[in-house]
$ cat data.txt   # compact mmCIF, C-alpha atoms
# COMPACT_ATOMS: atom_id res chain seq x y z
CA MET P 1 -4.48 -2.44 -3.81
CA HIS P 2 -3.50 -6.03 -4.65
CA ILE P 3 -0.08 -7.30 -3.58
CA LEU P 4 1.32 -10.80 -4.01
CA LEU P 5 3.80 -12.21 -1.50
CA THR P 6 5.97 -15.08 -2.71
CA SER P 7 8.56 -17.17 -0.88
CA ASN P 8 9.95 -20.67 -0.35
CA SER P 9 9.05 -20.45 3.32
CA GLU P 10 5.32 -20.33 4.01
CA ARG P 11 5.89 -20.08 7.76
CA LYS P 12 8.19 -17.05 7.55
CA SER P 13 6.01 -15.43 4.92
CA HIS P 14 2.96 -15.89 7.15
CA LEU P 15 4.68 -13.79 9.82
CA LEU P 16 5.59 -11.13 7.27
CA LYS P 17 2.06 -11.14 5.85
CA LYS P 18 0.56 -10.86 9.33
CA GLY P 19 2.83 -7.96 10.21
CA LEU P 20 1.99 -6.10 7.00
CA SER P 21 -1.73 -6.58 7.66
CA TYR P 22 -1.28 -4.64 10.92
CA GLU P 23 0.15 -1.83 8.80
CA GLY P 24 -2.95 -1.80 6.61
CA LEU P 25 -1.47 -3.78 3.70
CA GLY P 26 -3.22 -6.99 2.71
CA CYS P 27 -1.51 -9.50 0.43
CA ASP P 28 -1.99 -12.99 -0.97
CA PHE P 29 0.67 -15.70 -0.69
CA ILE P 30 2.05 -18.07 -3.30
CA GLU P 31 5.04 -20.41 -3.17
CA LEU P 32 8.01 -19.27 -5.23
CA LYS P 33 7.97 -22.32 -7.52
CA SER P 34 4.28 -21.74 -8.29
CA PHE P 35 4.92 -18.05 -8.86
CA MET P 36 7.44 -18.85 -11.59
CA GLU P 37 4.73 -20.83 -13.40
CA ILE P 38 2.08 -18.13 -13.09
CA ASP P 39 -0.06 -17.21 -16.10
CA LYS P 40 1.05 -13.69 -17.03
CA ASP P 41 -2.22 -12.90 -18.81
CA ARG P 42 -4.22 -13.58 -15.65
CA PHE P 43 -1.92 -11.72 -13.25
CA CYS P 44 -4.06 -9.18 -11.38
CA TYR P 45 -1.72 -7.71 -8.76
CA ASP P 46 -0.26 -4.21 -8.49
CA GLY P 47 3.03 -5.46 -7.11
CA VAL P 48 5.06 -8.34 -5.72
CA ILE P 49 6.97 -8.88 -2.49
CA LEU P 50 9.82 -11.33 -3.10
CA HIS P 51 10.67 -12.85 0.28
CA LEU P 52 13.97 -14.50 -0.67
CA SER P 53 16.82 -16.53 0.75
CA GLU P 54 20.50 -16.35 -0.20
CA ASN P 55 20.04 -19.37 -2.49
CA ASP P 56 17.39 -17.76 -4.68
CA ASP P 57 18.26 -16.35 -8.11
CA VAL P 58 17.36 -12.72 -7.48
CA GLU P 59 18.23 -11.44 -10.95
CA SER P 60 16.07 -14.06 -12.72
CA LEU P 61 13.13 -13.42 -10.40
CA ILE P 62 13.23 -9.67 -10.96
CA SER P 63 13.50 -10.20 -14.71
CA PHE P 64 10.46 -12.49 -14.55
CA CYS P 65 8.46 -9.87 -12.62
CA LYS P 66 9.25 -7.24 -15.25
CA GLN P 67 8.03 -9.57 -17.98
CA ILE P 68 4.71 -10.09 -16.21
CA LYS P 69 3.76 -6.44 -16.00
CA GLU P 70 5.24 -3.14 -17.06
CA ASN P 71 6.23 -0.90 -14.12
CA MET P 72 5.66 -3.74 -11.68
CA ILE P 73 6.23 -2.67 -8.08
CA ILE P 74 8.84 -5.06 -6.71
CA ILE P 75 9.79 -5.25 -3.04
CA VAL P 76 12.73 -7.57 -2.30
CA ALA P 77 12.93 -8.80 1.30
CA TYR P 78 16.44 -10.25 1.60
CA PRO P 79 18.11 -11.64 4.75
CA ASN P 80 21.69 -10.45 4.26
CA ALA P 81 22.82 -6.89 3.66
CA ASN P 82 26.44 -7.81 2.87
CA THR P 83 25.79 -8.91 -0.72
CA PRO P 84 25.80 -7.22 -4.16
CA ILE P 85 22.02 -7.66 -4.39
CA ASP P 86 21.35 -3.91 -4.33
CA SER P 87 23.21 -3.48 -7.62
CA LEU P 88 20.96 -6.12 -9.21
CA CYS P 89 17.80 -4.37 -8.10
CA LYS P 90 18.00 -1.14 -10.04
CA GLY P 91 14.86 0.72 -11.03
CA HIS P 92 12.50 3.38 -9.71
CA ASN P 93 9.92 0.73 -8.82
CA ILE P 94 12.26 -1.74 -7.08
CA ILE P 95 13.23 -1.50 -3.41
CA VAL P 96 15.37 -3.87 -1.33
CA TYR P 97 14.95 -4.34 2.41
CA HIS P 98 17.16 -6.39 4.71
CA LYS P 99 16.39 -7.95 8.08
CA PRO P 100 14.90 -6.81 10.33
CA PHE P 101 12.23 -5.83 7.80
CA PRO P 102 10.67 -2.39 8.54
CA LEU P 103 7.04 -3.36 7.97
CA ARG P 104 5.55 0.11 8.36
CA ARG P 105 8.06 1.52 5.89
CA ILE P 106 7.43 -1.30 3.41
CA ALA P 107 3.67 -0.74 3.53
CA SER P 108 4.10 3.03 3.16
CA GLU P 109 6.52 2.64 0.24
CA ILE P 110 4.11 0.36 -1.62
CA ARG P 111 1.24 2.80 -1.15
CA PHE P 112 3.52 5.68 -2.16
CA MET P 113 4.59 3.95 -5.39
CA LEU P 114 1.01 2.99 -6.26
CA PHE P 115 -0.34 6.47 -5.63
CA SER P 116 2.61 8.10 -7.44
CA GLN P 117 1.34 6.51 -10.64
CA MET P 118 -1.82 8.63 -10.41
CA ASP P 119 -2.07 11.72 -12.59
CA ASN P 120 -2.65 14.15 -9.73
CA PHE P 121 -0.02 12.81 -7.34
CA LYS P 122 2.31 15.58 -6.12
CA GLY P 123 4.93 13.74 -4.07
CA ASP P 124 5.43 12.38 -0.57
CA LEU P 125 3.95 15.52 1.03
CA LEU P 126 0.24 15.94 0.30
CA VAL P 127 -1.52 19.17 1.25
CA VAL P 128 -5.21 20.06 1.10
CA ARG P 129 -5.81 23.51 2.58
CA ASP P 130 -4.54 23.22 6.18
CA LEU P 131 -4.47 19.40 6.14
CA GLN P 132 -1.01 17.95 5.56
CA LEU P 133 0.05 14.30 5.16
CA ASP P 134 3.73 13.33 5.15
CA VAL P 135 4.20 9.85 3.65
CA ALA P 136 7.84 9.44 4.66
CA ALA P 137 7.26 10.49 8.27
CA HIS P 138 3.90 8.69 8.44
CA SER P 139 2.40 11.78 10.05
CA VAL P 140 -0.64 14.00 9.62
CA LYS P 141 -1.09 17.62 10.66
CA CYS P 142 -4.36 19.50 10.67
CA ARG P 143 -4.35 23.24 11.39
CA ASN P 144 -0.68 22.84 12.46
CA LYS P 145 -1.65 20.24 15.04
CA THR P 146 -0.39 16.65 14.80
CA ILE P 147 -3.26 14.19 14.43
CA TYR P 148 -2.90 10.56 15.50
CA LEU P 149 -4.36 8.14 12.96
CA ARG P 150 -4.49 4.37 13.03
CA ASN P 151 -2.75 2.61 10.13
CA ARG P 152 -5.93 2.02 8.15
CA GLU P 153 -7.12 5.59 8.74
CA PHE P 154 -3.77 6.88 7.52
CA ALA P 155 -3.94 4.69 4.40
CA LEU P 156 -7.50 5.87 3.74
CA LEU P 157 -6.60 9.54 4.09
CA HIS P 158 -3.48 9.00 1.95
CA TYR P 159 -5.58 7.48 -0.84
CA MET P 160 -8.25 10.17 -0.69
CA MET P 161 -5.73 13.01 -0.69
CA ALA P 162 -3.88 11.46 -3.64
CA ASN P 163 -7.26 11.44 -5.42
CA ARG P 164 -8.33 14.91 -4.32
CA GLY P 165 -11.42 16.16 -6.12
CA LYS P 166 -12.44 12.72 -7.40
CA SER P 167 -15.62 10.88 -6.46
CA LEU P 168 -14.49 7.56 -4.99
CA SER P 169 -16.95 4.69 -4.70
CA ARG P 170 -16.93 2.45 -1.64
CA ASN P 171 -15.82 -0.50 -3.78
CA ARG P 172 -12.94 1.47 -5.24
CA ILE P 173 -11.82 2.54 -1.77
CA LEU P 174 -12.03 -1.05 -0.52
CA GLU P 175 -9.99 -2.28 -3.46
CA ASN P 176 -7.20 0.27 -3.00
CA VAL P 177 -7.04 0.75 0.76
CA TRP P 178 -7.99 -2.70 1.96
CA ASP P 179 -7.35 -5.78 -0.20
CA ARG P 180 -9.08 -8.14 -2.60
CA ASN P 181 -10.52 -10.22 0.28
CA ALA P 182 -12.41 -7.32 1.84
CA ASN P 183 -16.14 -7.90 2.21
CA ILE P 184 -17.91 -5.38 -0.05
CA LEU P 185 -21.18 -5.95 1.82
CA THR P 186 -19.89 -4.50 5.08
CA ASN P 187 -19.99 -0.84 6.12
CA THR P 188 -16.29 -0.75 7.01
CA VAL P 189 -15.58 2.15 4.62
CA ASP P 190 -18.37 4.26 6.15
CA VAL P 191 -17.13 3.48 9.66
CA HIS P 192 -13.55 4.50 8.85
CA ILE P 193 -14.72 7.64 7.04
CA SER P 194 -16.74 8.58 10.13
CA GLN P 195 -13.70 8.02 12.40
CA LEU P 196 -11.51 10.07 10.07
CA ARG P 197 -13.99 12.93 10.01
CA LYS P 198 -14.07 13.09 13.80
CA LYS P 199 -10.28 13.46 13.90
CA ILE P 200 -9.68 16.00 11.13
CA GLU P 201 -12.90 17.99 10.79
CA LYS P 202 -14.65 20.72 12.74
CA LYS P 203 -18.02 22.36 12.24
CA ASP P 204 -16.57 25.05 9.99
CA LYS P 205 -13.80 22.88 8.50
CA LYS P 206 -14.99 20.04 6.27
CA TYR P 207 -12.74 17.98 4.01
CA ILE P 208 -14.71 14.86 3.11
CA ARG P 209 -17.97 15.12 1.19
CA THR P 210 -20.52 12.35 0.81
CA ILE P 211 -21.54 11.95 -2.82
CA PRO P 212 -25.12 10.57 -2.91
CA CYS P 213 -25.43 7.12 -4.54
CA SER P 214 -21.71 7.19 -5.32
CA GLY P 215 -19.24 7.40 -2.43
CA TYR P 216 -16.94 10.06 -1.02
CA MET P 217 -14.75 12.92 -2.17
CA LEU P 218 -11.99 14.82 -0.40
CA ASP P 219 -11.52 18.43 -1.49
$ encode --input "data.txt" --output "structure tokens"
Amino acid sequence: MHILLTSNSERKSHLLKKGLSYEGLGCDFIELKSFMEIDKDRFCYDGVILHLSENDDVESLISFCKQIKENMIIIVAYPNANTPIDSLCKGHNIIVYHKPFPLRRIASEIRFMLFSQMDNFKGDLLVVRDLQLDVAAHSVKCRNKTIYLRNREFALLHYMMANRGKSLSRNRILENVWDRNANILTNTVDVHISQLRKKIEKKDKKYIRTIPCSGYMLD
């Protein structure tokens, strides 16, 4: 999962980026003026967070994003709610947030929109046998019991349930649940899988399978 955060204020964007990282969403930063000069052919991000001020040309920026990539996920973080900006940001893949920015909701919405593009995605409520994940409520129930998951564990389970029945390599999981700067040489995926198993599985109830020489599968 690769997200680009762009703004005229590096300091304010740093705070936003730091907050999103706590919610399990990593992103790279680029100044707005540099973003407008970006090479479209080399753009490698799944979506963009436009951290804007009232002086920025919202309509032009959104139009530019759409030209870069079809079905670009666009999150607009705008300071003032009393403006006609919402009418400018129409589209199933565009969402506007006003201060104070709900970081957990932003991170969940981005994951939801990314996973909704997958062929086997069924909506914001994912169910595998008696395991249930509610994206909107950011909650997980297993055997009708609410399970507490850390943000990264929730994102990992969300990704695996959205890809139910598919063998997922460690690199693929890192790329979609962590970010492009994750160290592929670490065992962080295995550690989080182990933690997740302890919370949702019992001796007679297994959800996550280890695929030898490949990765993991949830079914």
$ atom_distance --input "data.txt" --atom1 "atom CA of P:Glu54" --atom2 "atom CA of P:Ser13"
15.4 Å
$ closest_atom_pairs --input "data.txt" --of "stretch 122-153 of chain P" --to "stretch 24-39 of chain P" --cutoff "12 Å" --atoms "all atoms listed in the file" --output "tab-separated table"
residue	atom	partner	partner_atom	distance
P:Leu149	CA	P:Gly24	CA	11.9
P:Arg150	CA	P:Gly24	CA	9.0
P:Asn151	CA	P:Gly24	CA	5.6
P:Arg152	CA	P:Gly24	CA	5.1
P:Glu153	CA	P:Gly24	CA	8.7
$ write_last_selection --input "data.txt" --atoms "C-alpha atoms" --output "PDB file, in the frame of the given file"
ATOM      1  CA  LEU P 149      -4.360   8.140  12.960  1.00  0.00           C
ATOM      2  CA  ARG P 150      -4.490   4.370  13.030  1.00  0.00           C
ATOM      3  CA  ASN P 151      -2.750   2.610  10.130  1.00  0.00           C
ATOM      4  CA  ARG P 152      -5.930   2.020   8.150  1.00  0.00           C
ATOM      5  CA  GLU P 153      -7.120   5.590   8.740  1.00  0.00           C
TER       6      GLU P 153
END
$ closest_residue --input "data.txt" --among "P:Glu10, P:Ile68, P:Phe154, P:Arg129" --to "P:Glu23" --atoms "only C-alpha atoms"
P:Phe154
$ atom_distance --input "data.txt" --atom1 "atom CA of P:Leu114" --atom2 "atom CA of P:Tyr159"
9.6 Å
$ closest_atom_pairs --input "data.txt" --of "stretch 159-179 of chain P" --to "stretch 191-204 of chain P" --cutoff "12 Å" --atoms "all atoms listed in the file" --output "tab-separated table"
residue	atom	partner	partner_atom	distance
P:Met160	CA	P:Ile193	CA	10.4
P:Arg170	CA	P:Ile193	CA	10.4
P:Ile173	CA	P:Ile193	CA	10.6
P:Leu174	CA	P:His192	CA	11.0
P:Val177	CA	P:His192	CA	11.0
P:Trp178	CA	P:His192	CA	11.4
$ residues_around --input "data.txt" --residues "P:His138" --least-positions-apart "2" --cutoff "9 Å" --atoms "only C-alpha atoms" --output "list in words"
Arg104, Arg105, Ser108, Leu133, Asp134, Val135, Ala136, Val140 and Phe154 of chain P
$ residues_around --input "data.txt" --residues "P:Leu52" --least-positions-apart "2" --cutoff "7 Å" --atoms "all atoms listed in the file" --output "list in words"
Ser7, Leu50, Glu54, Asp56, Ala77 and Tyr78 of chain P
$ atom_distance --input "data.txt" --atom1 "atom CA of P:Arg209" --atom2 "atom CA of P:Ser21"
27.9 Å
$ closest_residue --input "data.txt" --among "P:Gly165, P:Pro102, P:Gly47, P:Pro79" --to "P:Asp219" --atoms "all atoms listed in the file"
P:Gly165
$ closest_residue --input "data.txt" --among "P:Ile208, P:Lys69, P:Val128, P:Ile62" --to "P:Val96" --atoms "all atoms listed in the file"
P:Ile62
$ closest_residue --input "data.txt" --among "P:Lys206, P:Arg42, P:Lys141, P:Lys99" --to "P:Leu16" --atoms "all atoms listed in the file"
P:Lys99
$ closest_residue --input "data.txt" --among "P:Ile211, P:Ala107, P:Ile74, P:Ile49" --to "P:Ala155" --atoms "only C-alpha atoms"
P:Ala107
